[in-house]
>>> print(open('query28.csv').read())   # CSV, C-alpha atoms
chain,number,residue,atom,x,y,z
F,1,MET,CA,5.6,14.5,15.7
F,2,THR,CA,3.1,11.7,15.2
F,3,ARG,CA,4.4,8.3,14.1
F,4,ASN,CA,2.7,5.1,13.4
F,5,LEU,CA,5.4,2.4,13.7
F,6,TYR,CA,3.5,-0.3,11.8
F,7,LEU,CA,3.0,-3.6,13.7
F,8,GLY,CA,4.7,-5.5,10.8
F,9,ALA,CA,1.8,-7.4,9.1
F,10,ASP,CA,-1.7,-7.1,7.8
F,11,LEU,CA,-3.9,-9.0,10.3
F,12,ALA,CA,-7.0,-9.1,8.1
F,13,PRO,CA,-6.4,-12.7,7.0
F,14,VAL,CA,-6.0,-13.7,10.7
F,15,LEU,CA,-9.3,-12.1,11.7
F,16,ALA,CA,-11.0,-13.6,8.7
F,17,ALA,CA,-9.9,-17.2,9.4
F,18,THR,CA,-12.8,-19.7,9.4
F,19,SER,CA,-11.2,-22.9,10.7
F,20,PRO,CA,-8.4,-23.8,13.1
F,21,GLN,CA,-6.2,-24.8,10.2
F,22,GLY,CA,-6.9,-21.6,8.4
F,23,LEU,CA,-6.1,-19.6,11.6
F,24,VAL,CA,-2.7,-21.4,12.0
F,25,ALA,CA,-1.9,-20.7,8.3
F,26,ALA,CA,-2.8,-17.0,8.6
F,27,VAL,CA,-0.9,-16.5,11.8
F,28,THR,CA,2.2,-18.3,10.3
F,29,ALA,CA,2.1,-16.0,7.3
F,30,ALA,CA,1.5,-12.9,9.3
F,31,TYR,CA,4.3,-13.5,11.7
F,32,ALA,CA,6.7,-14.4,8.9
F,33,ASN,CA,5.9,-10.9,7.5
F,34,VAL,CA,6.6,-9.4,10.9
F,35,GLN,CA,10.0,-11.0,10.8
F,36,ALA,CA,10.6,-9.9,7.2
F,37,THR,CA,9.7,-6.3,7.9
F,38,ASN,CA,12.5,-6.3,10.5
F,39,PHE,CA,11.6,-3.7,13.1
F,40,PRO,CA,15.1,-3.5,14.6
F,41,GLU,CA,16.3,-2.3,11.1
F,42,ARG,CA,13.3,0.0,10.6
F,43,ALA,CA,13.8,1.4,14.1
F,44,GLU,CA,17.2,2.8,13.0
F,45,ALA,CA,15.4,4.9,10.3
F,46,LEU,CA,12.6,5.9,12.6
F,47,ALA,CA,15.1,7.0,15.3
F,48,ASP,CA,16.9,9.0,12.6
F,49,GLU,CA,13.7,10.9,11.8
F,50,ILE,CA,13.1,11.8,15.5
F,51,ALA,CA,16.7,12.7,16.1
F,52,ASP,CA,16.8,15.0,13.1
F,53,GLY,CA,13.8,17.0,14.3
F,54,ASP,CA,14.3,16.8,18.1
F,55,PRO,CA,10.6,17.2,18.8
F,56,HIS,CA,9.6,17.9,22.4
F,57,LEU,CA,6.9,15.3,22.1
F,58,VAL,CA,6.2,12.3,19.8
F,59,GLY,CA,2.9,10.5,19.6
F,60,VAL,CA,3.5,6.9,18.7
F,61,GLN,CA,1.0,4.4,17.5
F,62,GLU,CA,1.4,0.6,17.0
F,63,ALA,CA,4.3,0.5,19.5
F,64,VAL,CA,3.5,-3.2,19.7
F,65,LEU,CA,4.9,-6.0,21.9
F,66,TRP,CA,5.3,-9.4,20.2
F,67,ARG,CA,5.7,-12.4,22.5
F,68,SER,CA,5.8,-16.2,22.1
F,69,GLN,CA,5.2,-19.4,23.9
F,70,THR,CA,6.9,-22.7,22.9
F,71,PRO,CA,5.2,-25.1,22.5
F,72,ALA,CA,1.8,-23.7,22.1
F,73,GLY,CA,-0.6,-24.4,25.0
F,74,PRO,CA,-2.5,-23.1,27.9
F,75,GLY,CA,-1.6,-19.7,29.5
F,76,SER,CA,-0.4,-16.5,27.9
F,77,ALA,CA,2.9,-16.1,25.9
F,78,THR,CA,5.5,-14.2,27.9
F,79,HIS,CA,8.8,-14.6,25.9
F,80,VAL,CA,9.5,-11.3,24.3
F,81,GLU,CA,10.3,-11.5,20.6
F,82,TYR,CA,10.1,-7.8,19.7
F,83,ASP,CA,9.4,-4.8,22.0
F,84,PHE,CA,9.0,-2.0,19.5
F,85,LEU,CA,9.0,0.7,22.2
F,86,LYS,CA,12.2,-0.5,23.8
F,87,ILE,CA,13.9,-1.0,20.5
F,88,LEU,CA,13.0,2.5,19.4
F,89,LEU,CA,14.1,4.1,22.7
F,90,ASP,CA,17.4,2.2,22.6
F,91,GLU,CA,18.1,3.5,19.0
F,92,LEU,CA,17.4,7.1,20.2
F,93,THR,CA,19.8,6.6,23.1
F,94,ALA,CA,22.4,5.3,20.7
F,95,ARG,CA,22.1,8.7,18.9
F,96,GLY,CA,22.5,10.7,22.0
F,97,LYS,CA,18.8,11.5,22.3
F,98,HIS,CA,16.9,11.4,25.5
F,99,TYR,CA,13.3,10.4,25.4
F,100,ALA,CA,11.0,8.5,27.8
F,101,ALA,CA,7.4,7.3,27.7
F,102,VAL,CA,5.4,9.7,29.8
F,103,ALA,CA,2.0,8.0,29.1
F,104,THR,CA,1.2,4.6,27.6
F,105,VAL,CA,-2.1,2.9,26.9
F,106,THR,CA,-2.2,-0.9,26.3
F,107,VAL,CA,-5.3,-1.2,24.2
F,108,GLY,CA,-7.6,-4.2,24.1
F,109,SER,CA,-6.0,-5.7,21.0
F,110,ASP,CA,-4.1,-8.3,22.9
F,111,PHE,CA,-4.4,-11.4,20.7
F,112,GLU,CA,-2.7,-14.8,20.9
F,113,ALA,CA,-2.9,-17.6,18.4
F,114,PRO,CA,-0.7,-20.5,17.2
F,115,ARG,CA,1.6,-20.5,14.2
F,116,SER,CA,3.4,-23.5,12.6
F,117,THR,CA,7.2,-23.9,13.0
F,118,PRO,CA,9.5,-26.8,11.9
F,119,THR,CA,9.4,-28.1,15.5
F,120,GLY,CA,5.6,-27.8,16.0
F,121,LEU,CA,3.1,-25.1,17.0
F,122,GLN,CA,4.2,-22.0,18.8
F,123,ASP,CA,1.8,-19.4,20.3
F,124,ILE,CA,2.3,-15.8,19.1
F,125,ARG,CA,0.9,-12.9,21.1
F,126,LEU,CA,0.4,-9.4,19.9
F,127,THR,CA,-0.1,-6.5,22.4
F,128,ASP,CA,-0.8,-3.1,20.9
F,129,ARG,CA,0.2,0.1,22.6
F,130,ASP,CA,-0.1,3.9,22.0
F,131,VAL,CA,2.6,6.0,23.7
F,132,LEU,CA,3.5,9.6,24.2
F,133,LEU,CA,7.3,10.2,24.3
F,134,ALA,CA,8.8,13.3,25.7
F,135,ARG,CA,12.3,14.7,25.8
F,136,THR,CA,14.1,14.3,29.2
F,137,ASP,CA,17.2,16.3,28.5
F,138,LEU,CA,15.8,19.8,28.9
F,139,PRO,CA,15.8,21.9,32.2
F,140,ALA,CA,12.4,22.0,33.8
F,141,ARG,CA,12.2,25.8,33.4
F,142,GLU,CA,12.3,25.2,29.6
F,143,PHE,CA,10.1,22.1,29.3
F,144,SER,CA,8.2,19.8,31.6
F,145,VAL,CA,5.4,17.3,31.4
F,146,ALA,CA,2.7,16.6,34.0
F,147,ASN,CA,-0.8,15.2,34.5
F,148,ALA,CA,-0.2,12.1,32.4
F,149,GLN,CA,-3.4,10.2,31.5
F,150,ALA,CA,-4.4,7.1,29.5
F,151,ALA,CA,-7.7,5.4,28.8
F,152,VAL,CA,-9.2,2.8,26.6
F,153,PHE,CA,-12.3,3.9,24.5
F,154,GLN,CA,-15.6,2.5,25.6
F,155,ASN,CA,-16.6,2.1,22.0
F,156,PHE,CA,-14.9,-0.9,20.3
F,157,VAL,CA,-15.3,-3.6,17.6
F,158,PRO,CA,-16.2,-7.1,18.7
F,159,ILE,CA,-14.8,-9.9,16.4
F,160,CYS,CA,-16.6,-13.2,16.6
F,161,ARG,CA,-15.2,-16.1,14.4
F,162,PRO,CA,-15.5,-19.8,15.1
F,163,ALA,CA,-11.8,-20.2,14.4
F,164,LEU,CA,-11.0,-17.6,17.2
F,165,GLY,CA,-13.0,-19.4,19.8
F,166,CYS,CA,-16.4,-17.7,19.5
F,167,PRO,CA,-18.9,-19.0,20.3
F,168,PRO,CA,-19.2,-20.2,23.0
F,169,ASN,CA,-16.4,-17.9,24.3
F,170,PRO,CA,-16.9,-14.1,24.3
F,171,PRO,CA,-15.8,-12.3,21.1
F,172,ILE,CA,-12.4,-10.7,20.7
F,173,GLN,CA,-12.5,-7.0,21.5
F,174,LEU,CA,-10.6,-4.8,19.1
F,175,ARG,CA,-10.2,-1.9,21.5
F,176,ARG,CA,-8.3,1.4,21.0
F,177,GLY,CA,-7.4,4.2,23.4
F,178,TRP,CA,-5.7,7.5,24.0
F,179,VAL,CA,-2.9,9.0,26.1
F,180,ALA,CA,-2.4,12.6,27.1
F,181,ALA,CA,-0.2,14.9,29.2
F,182,ASP,CA,0.1,18.6,29.9
F,183,ALA,CA,3.3,20.0,28.5
F,184,THR,CA,4.8,23.3,29.7
F,185,VAL,CA,7.2,25.1,27.5
F,186,HIS,CA,8.8,28.3,28.9
F,187,GLY,CA,5.9,28.7,31.3
F,188,ARG,CA,3.1,28.1,28.8
F,189,THR,CA,1.1,24.9,29.2
F,190,THR,CA,-0.6,22.8,26.5
F,191,ARG,CA,-2.7,19.6,26.6
F,192,VAL,CA,-1.2,17.1,24.2
F,193,VAL,CA,-3.2,14.0,23.2
F,194,THR,CA,-2.3,11.1,20.9
F,195,THR,CA,-4.5,8.4,19.7
F,196,HIS,CA,-5.1,5.7,17.0
F,197,LEU,CA,-8.8,5.6,15.9
F,198,GLU,CA,-10.6,2.5,14.7
F,199,PRO,CA,-10.5,1.9,10.9
F,200,LEU,CA,-12.8,-1.1,10.5
F,201,VAL,CA,-16.2,0.3,11.6
F,202,PRO,CA,-16.9,4.0,10.8
F,203,ALA,CA,-19.6,4.3,13.5
F,204,VAL,CA,-17.2,3.1,16.2
F,205,GLN,CA,-14.5,5.4,15.0
F,206,GLU,CA,-16.8,8.4,15.1
F,207,ALA,CA,-18.0,7.5,18.5
F,208,GLN,CA,-14.4,7.3,19.7
F,209,THR,CA,-13.9,10.8,18.3
F,210,GLY,CA,-16.9,11.9,20.5
F,211,GLU,CA,-15.1,10.3,23.5
F,212,LEU,CA,-12.0,12.3,22.8
F,213,LEU,CA,-14.0,15.6,22.6
F,214,ALA,CA,-15.8,14.8,25.8
F,215,GLY,CA,-12.7,13.5,27.6
F,216,PRO,CA,-9.0,14.7,27.2
F,217,LEU,CA,-9.9,17.3,24.6
F,218,ASN,CA,-12.5,18.9,26.9
F,219,THR,CA,-10.1,21.5,28.4
F,220,THR,CA,-9.6,25.2,28.4
F,221,LEU,CA,-5.9,24.7,27.8
F,222,PRO,CA,-4.5,25.1,24.3
F,223,THR,CA,-4.6,21.6,22.9
F,224,VAL,CA,-2.6,19.5,20.4
F,225,LEU,CA,-4.0,16.2,19.0
F,226,LEU,CA,-1.4,13.9,17.4
F,227,GLY,CA,-2.3,10.6,15.8
F,228,ASP,CA,-3.4,8.2,13.1
F,229,LEU,CA,-7.1,9.1,13.0
F,230,ASN,CA,-8.0,6.7,10.1
F,231,SER,CA,-10.2,9.5,8.8
F,232,ALA,CA,-9.1,10.8,5.4
F,233,ALA,CA,-8.8,14.5,5.0
F,234,GLY,CA,-11.6,15.6,2.6
F,235,GLY,CA,-12.1,12.0,1.8
F,236,VAL,CA,-9.3,12.2,-0.8
F,237,GLY,CA,-8.0,8.7,-1.6
F,238,ALA,CA,-10.1,7.2,1.2
F,239,THR,CA,-10.2,3.5,1.4
F,240,PRO,CA,-13.3,1.8,2.9
F,241,GLY,CA,-13.7,2.8,6.6
F,242,THR,CA,-11.6,6.0,6.3
F,243,ASN,CA,-14.1,8.3,4.5
F,244,THR,CA,-15.6,9.3,7.9
F,245,GLN,CA,-16.6,12.4,9.7
F,246,SER,CA,-14.0,12.2,12.5
F,247,TYR,CA,-11.6,14.7,10.9
F,248,ASN,CA,-14.4,17.1,9.9
F,249,ARG,CA,-15.9,16.9,13.4
F,250,LEU,CA,-12.6,17.8,15.0
F,251,LEU,CA,-12.3,20.8,12.7
F,252,ALA,CA,-15.8,21.8,13.6
F,253,ALA,CA,-14.8,21.6,17.3
F,254,GLY,CA,-12.2,24.3,16.7
F,255,PHE,CA,-9.1,22.4,15.7
F,256,THR,CA,-6.8,23.5,12.9
F,257,ASP,CA,-4.9,21.1,10.8
F,258,ALA,CA,-1.2,22.0,10.9
F,259,TRP,CA,-0.6,20.6,7.5
F,260,THR,CA,-3.2,22.7,5.7
F,261,ALA,CA,-2.3,25.7,7.8
F,262,THR,CA,1.3,25.6,6.5
F,263,ARG,CA,1.1,23.7,3.2
F,264,PRO,CA,-2.3,24.3,1.8
F,265,ARG,CA,-1.4,23.4,-1.8
F,266,LYS,CA,0.3,20.0,-0.9
F,267,LEU,CA,-1.7,16.8,-0.6
F,268,GLY,CA,0.6,15.4,2.1
F,269,PHE,CA,-0.5,11.8,1.8
F,270,THR,CA,0.6,9.6,4.8
F,271,CYS,CA,-0.8,6.1,4.0
F,272,CYS,CA,-0.1,3.4,3.1
F,273,GLN,CA,2.9,1.4,1.8
F,274,ALA,CA,2.6,-2.3,0.9
F,275,ALA,CA,2.4,-4.8,3.8
F,276,ASP,CA,5.9,-6.1,3.1
F,277,LEU,CA,7.3,-2.5,2.9
F,278,ARG,CA,9.2,-3.4,-0.2
F,279,ASN,CA,7.2,-1.5,-2.9
F,280,SER,CA,9.7,0.2,-5.2
F,281,ALA,CA,7.6,3.4,-5.5
F,282,SER,CA,5.6,5.1,-2.8
F,283,ASN,CA,2.0,3.9,-2.4
F,284,LEU,CA,0.8,6.8,-0.2
F,285,THR,CA,-2.6,7.9,-1.5
F,286,GLN,CA,-4.5,9.4,1.5
F,287,ARG,CA,-3.9,11.6,4.5
F,288,ILE,CA,-5.0,10.1,7.8
F,289,ASP,CA,-2.1,11.1,10.2
F,290,TYR,CA,-2.3,14.5,11.7
F,291,VAL,CA,-1.0,17.2,14.0
F,292,LEU,CA,-4.2,19.2,15.0
F,293,PHE,CA,-4.2,22.2,17.3
F,294,ARG,CA,-6.7,24.5,19.1
F,295,GLY,CA,-6.3,27.6,21.1
F,296,ASP,CA,-3.5,30.2,21.3
F,297,ILE,CA,-1.1,28.2,19.0
F,298,LYS,CA,0.4,29.0,15.6
F,299,ALA,CA,1.8,26.4,13.2
F,300,LEU,CA,5.1,27.6,11.8
F,301,ALA,CA,6.1,24.6,9.7
F,302,THR,CA,4.9,21.1,9.0
F,303,ASN,CA,6.6,18.3,7.2
F,304,ARG,CA,6.3,14.6,6.5
F,305,VAL,CA,9.0,12.1,7.5
F,306,GLY,CA,9.7,8.7,6.0
F,307,GLU,CA,7.9,9.3,2.7
F,308,THR,CA,10.7,9.4,0.2
F,309,LEU,CA,12.7,6.6,-1.4
F,310,ALA,CA,15.8,7.9,0.3
F,311,ASP,CA,14.2,7.3,3.7
F,312,ARG,CA,14.2,3.5,3.2
F,313,THR,CA,16.5,1.2,5.1
F,314,THR,CA,19.7,-0.2,3.6
F,315,SER,CA,17.8,-3.4,2.7
F,316,GLY,CA,15.0,-1.5,1.0
F,317,LEU,CA,12.3,-1.4,3.7
F,318,TRP,CA,10.1,1.7,4.2
F,319,PRO,CA,10.4,2.8,7.8
F,320,SER,CA,6.7,2.1,8.2
F,321,ASP,CA,3.6,1.7,6.1
F,322,HIS,CA,2.8,5.3,7.1
F,323,ALA,CA,4.6,8.5,6.7
F,324,GLY,CA,5.0,10.5,9.9
F,325,VAL,CA,4.0,14.2,10.4
F,326,SER,CA,6.3,16.7,12.2
F,327,SER,CA,5.1,20.2,13.0
F,328,VAL,CA,6.7,23.2,14.7
F,329,LEU,CA,4.1,24.9,16.8
F,330,GLN,CA,4.5,28.3,18.6
F,331,LEU,CA,2.6,28.9,21.8
F,332,ARG,CA,1.6,32.5,21.6
>>> encode(input="query28.csv", output="structure tokens")
Amino acid sequence: MTRNLYLGADLAPVLAATSPQGLVAAVTAAYANVQATNFPERAEALADEIADGDPHLVGVQEAVLWRSQTPAGPGSATHVEYDFLKILLDELTARGKHYAAVATVTVGSDFEAPRSTPTGLQDIRLTDRDVLLARTDLPAREFSVANAQAAVFQNFVPICRPALGCPPNPPIQLRRGWVAADATVHGRTTRVVTTHLEPLVPAVQEAQTGELLAGPLNTTLPTVLLGDLNSAAGGVGATPGTNTQSYNRLLAAGFTDAWTATRPRKLGFTCCQAADLRNSASNLTQRIDYVLFRGDIKALATNRVGETLADRTTSGLWPSDHAGVSSVLQLR
């Protein structure tokens, strides 16, 4: 399964701020949206999705860590407000499911800025992570994971705005990365990689795809790539930045799309719901989340999760701004 958890807010207004006052206002609004989109409540629905399918492996994007510092000031915020990974794992445990993070990459999107509160300014810090989860309840002869790896891409987007301290300080680096591990099921080993590619600058995203192909995907093992690639399948419904060649380049490198292999007549859109997650009808209009595979593997079934009105939480929140993709793969 691949699942983008949604960090809880649209950060574009924060990155576009042109003054200190505008930055505070944008961070205040963004963090209010994080609170309103209520990850602890959404994690219940996300854990239900995983529990229903019992996948051996789950590639998770935007498993973010929100921290605060009160009052705002020098140093980095360390007080944990929301740890999305811990919250999700706790919900899985509550359902009798046993998962652990076998590989984690903390990407360079570690950003801190002040927001306004009734008692003054408070620093809010966002740390983004991609994670590969694996089941821990199966005997080693049936399923095991080894050779965990993680890395940050060398290609990244620099953001330089006066309100964000640049110049004279160095620009903020919007970095992304990948995690991987070799999973063995009944004696057959497969390289499994998960990633979240850059949406803002197509050239950077496509360069990151090249890094994947030269790095963790450069193996003779059968290979599975899970993730939010931010590259729309066939360009259908693509928003600016997602009509890129990353998806096509992976297909040209020998990968098969599990969705089109099993459901060729279905569009299978996975992105994106409204930023507040309260849209009354689904807004999914493009497919950018994938299970891709290469080598001696066959896709038996592929489904979306979190895409129907019935999947919303009791208060009416979509589980994420993305739908997830779950695929049953047979190692032949």
>>> residues_around(input="query28.csv", residues="region 302-306 of chain F", least_positions_apart="6", cutoff="7 Å", atoms="only C-alpha atoms", output="list in words")
Glu49, Ala258, Trp259, Thr262, Pro319, Ala323, Gly324, Val325, Ser326, Ser327 and Val328 of chain F
>>> residues_around(input="query28.csv", residues="region 289-295 of chain F", least_positions_apart="5", cutoff="7 Å", atoms="only C-alpha atoms", output="JSON, numbers by chain")
{"F": [2, 222, 223, 224, 225, 226, 227, 228, 229, 254, 255, 256, 257, 258, 270, 325, 327]}
>>> residues_around(input="query28.csv", residues="region 10-23 of chain F", least_positions_apart="6", cutoff="12 Å", atoms="all atoms listed in the file", output="PyMOL selection string")
chain F and resi 29-34+37+109+111-116+121+123-124+126+157-166+171-174+199-200+272-277+321
>>> closest_residue(input="query28.csv", among="F:Ala148, F:Ala47, F:Val27, F:Val204", to="Arg125 (chain F)", atoms="only C-alpha atoms")
F:Val27
>>> closest_residue(input="query28.csv", among="F:Thr93, F:Thr209, F:Thr220, F:Asn4", to="Glu44 (chain F)", atoms="all atoms listed in the file")
F:Thr93
>>> residues_around(input="query28.csv", residues="region 234-238 of chain F", least_positions_apart="2", cutoff="12 Å", atoms="all atoms listed in the file", output="list in words")
Pro199, Asn230, Ser231, Ala232, Pro240, Gly241, Thr242, Asn243, Thr244, Gln245, Ser246, Tyr247, Asn248, Arg249, Leu251, Asp257, Thr260, Leu267, Gly268, Phe269, Thr270, Cys271, Cys272, Asn283, Leu284, Thr285, Gln286, Arg287 and Ile288 of chain F
>>> atom_distance(input="query28.csv", atom1="CA of Arg312 (chain F)", atom2="CA of Lys97 (chain F)")
21.2 Å
>>> residues_near_point(input="query28.csv", point="(6.5, 7.7, 27.8)", cutoff="10 Å", atoms="all atoms listed in the file", output="list in words")
Leu57, Val58, Gly59, Val60, Leu85, Leu89, Tyr99, Ala100, Ala101, Val102, Ala103, Thr104, Val105, Asp130, Val131, Leu132, Leu133, Ala134, Arg135, Ala148, Val179 and Ala181 of chain F
>>> write_last_selection(input="query28.csv", atoms="C-alpha atoms", output="short mmCIF file (atom, residue, chain, number, x, y, z; two decimals), keeping the file's coordinate frame")
data_model
loop_
_atom_site.label_atom_id
_atom_site.label_comp_id
_atom_site.auth_asym_id
_atom_site.auth_seq_id
_atom_site.Cartn_x
_atom_site.Cartn_y
_atom_site.Cartn_z
CA LEU F 57 6.90 15.30 22.10
CA VAL F 58 6.20 12.30 19.80
CA GLY F 59 2.90 10.50 19.60
CA VAL F 60 3.50 6.90 18.70
CA LEU F 85 9.00 0.70 22.20
CA LEU F 89 14.10 4.10 22.70
CA TYR F 99 13.30 10.40 25.40
CA ALA F 100 11.00 8.50 27.80
CA ALA F 101 7.40 7.30 27.70
CA VAL F 102 5.40 9.70 29.80
CA ALA F 103 2.00 8.00 29.10
CA THR F 104 1.20 4.60 27.60
CA VAL F 105 -2.10 2.90 26.90
CA ASP F 130 -0.10 3.90 22.00
CA VAL F 131 2.60 6.00 23.70
CA LEU F 132 3.50 9.60 24.20
CA LEU F 133 7.30 10.20 24.30
CA ALA F 134 8.80 13.30 25.70
CA ARG F 135 12.30 14.70 25.80
CA ALA F 148 -0.20 12.10 32.40
CA VAL F 179 -2.90 9.00 26.10
CA ALA F 181 -0.20 14.90 29.20
#
>>> residues_near_point(input="query28.csv", point="(3.5, 29.9, 16.4)", cutoff="10 Å", atoms="only C-alpha atoms", output="VMD selection string")
chain F and resid 296 to 301 328 to 332
>>> write_last_selection(input="query28.csv", atoms="C-alpha atoms", output="PDB file, in the coordinates of the input")
ATOM      1  CA  ASP F 296      -3.500  30.200  21.300  1.00  0.00           C
ATOM      2  CA  ILE F 297      -1.100  28.200  19.000  1.00  0.00           C
ATOM      3  CA  LYS F 298       0.400  29.000  15.600  1.00  0.00           C
ATOM      4  CA  ALA F 299       1.800  26.400  13.200  1.00  0.00           C
ATOM      5  CA  LEU F 300       5.100  27.600  11.800  1.00  0.00           C
ATOM      6  CA  ALA F 301       6.100  24.600   9.700  1.00  0.00           C
ATOM      7  CA  VAL F 328       6.700  23.200  14.700  1.00  0.00           C
ATOM      8  CA  LEU F 329       4.100  24.900  16.800  1.00  0.00           C
ATOM      9  CA  GLN F 330       4.500  28.300  18.600  1.00  0.00           C
ATOM     10  CA  LEU F 331       2.600  28.900  21.800  1.00  0.00           C
ATOM     11  CA  ARG F 332       1.600  32.500  21.600  1.00  0.00           C
TER      12      ARG F 332
END
>>> atom_distance(input="query28.csv", atom1="CA of Tyr82 (chain F)", atom2="CA of Val64 (chain F)")
8.0 Å
>>> atom_distance(input="query28.csv", atom1="CA of Leu221 (chain F)", atom2="CA of Arg141 (chain F)")
19.0 Å
>>> closest_residue(input="query28.csv", among="F:Val192, F:Val107, F:Val80, F:Leu212", to="Met1 (chain F)", atoms="only C-alpha atoms")
F:Val192
>>> closest_residue(input="query28.csv", among="F:Leu309, F:Ala72, F:Ala203, F:Ala36", to="Ala281 (chain F)", atoms="all atoms listed in the file")
F:Leu309
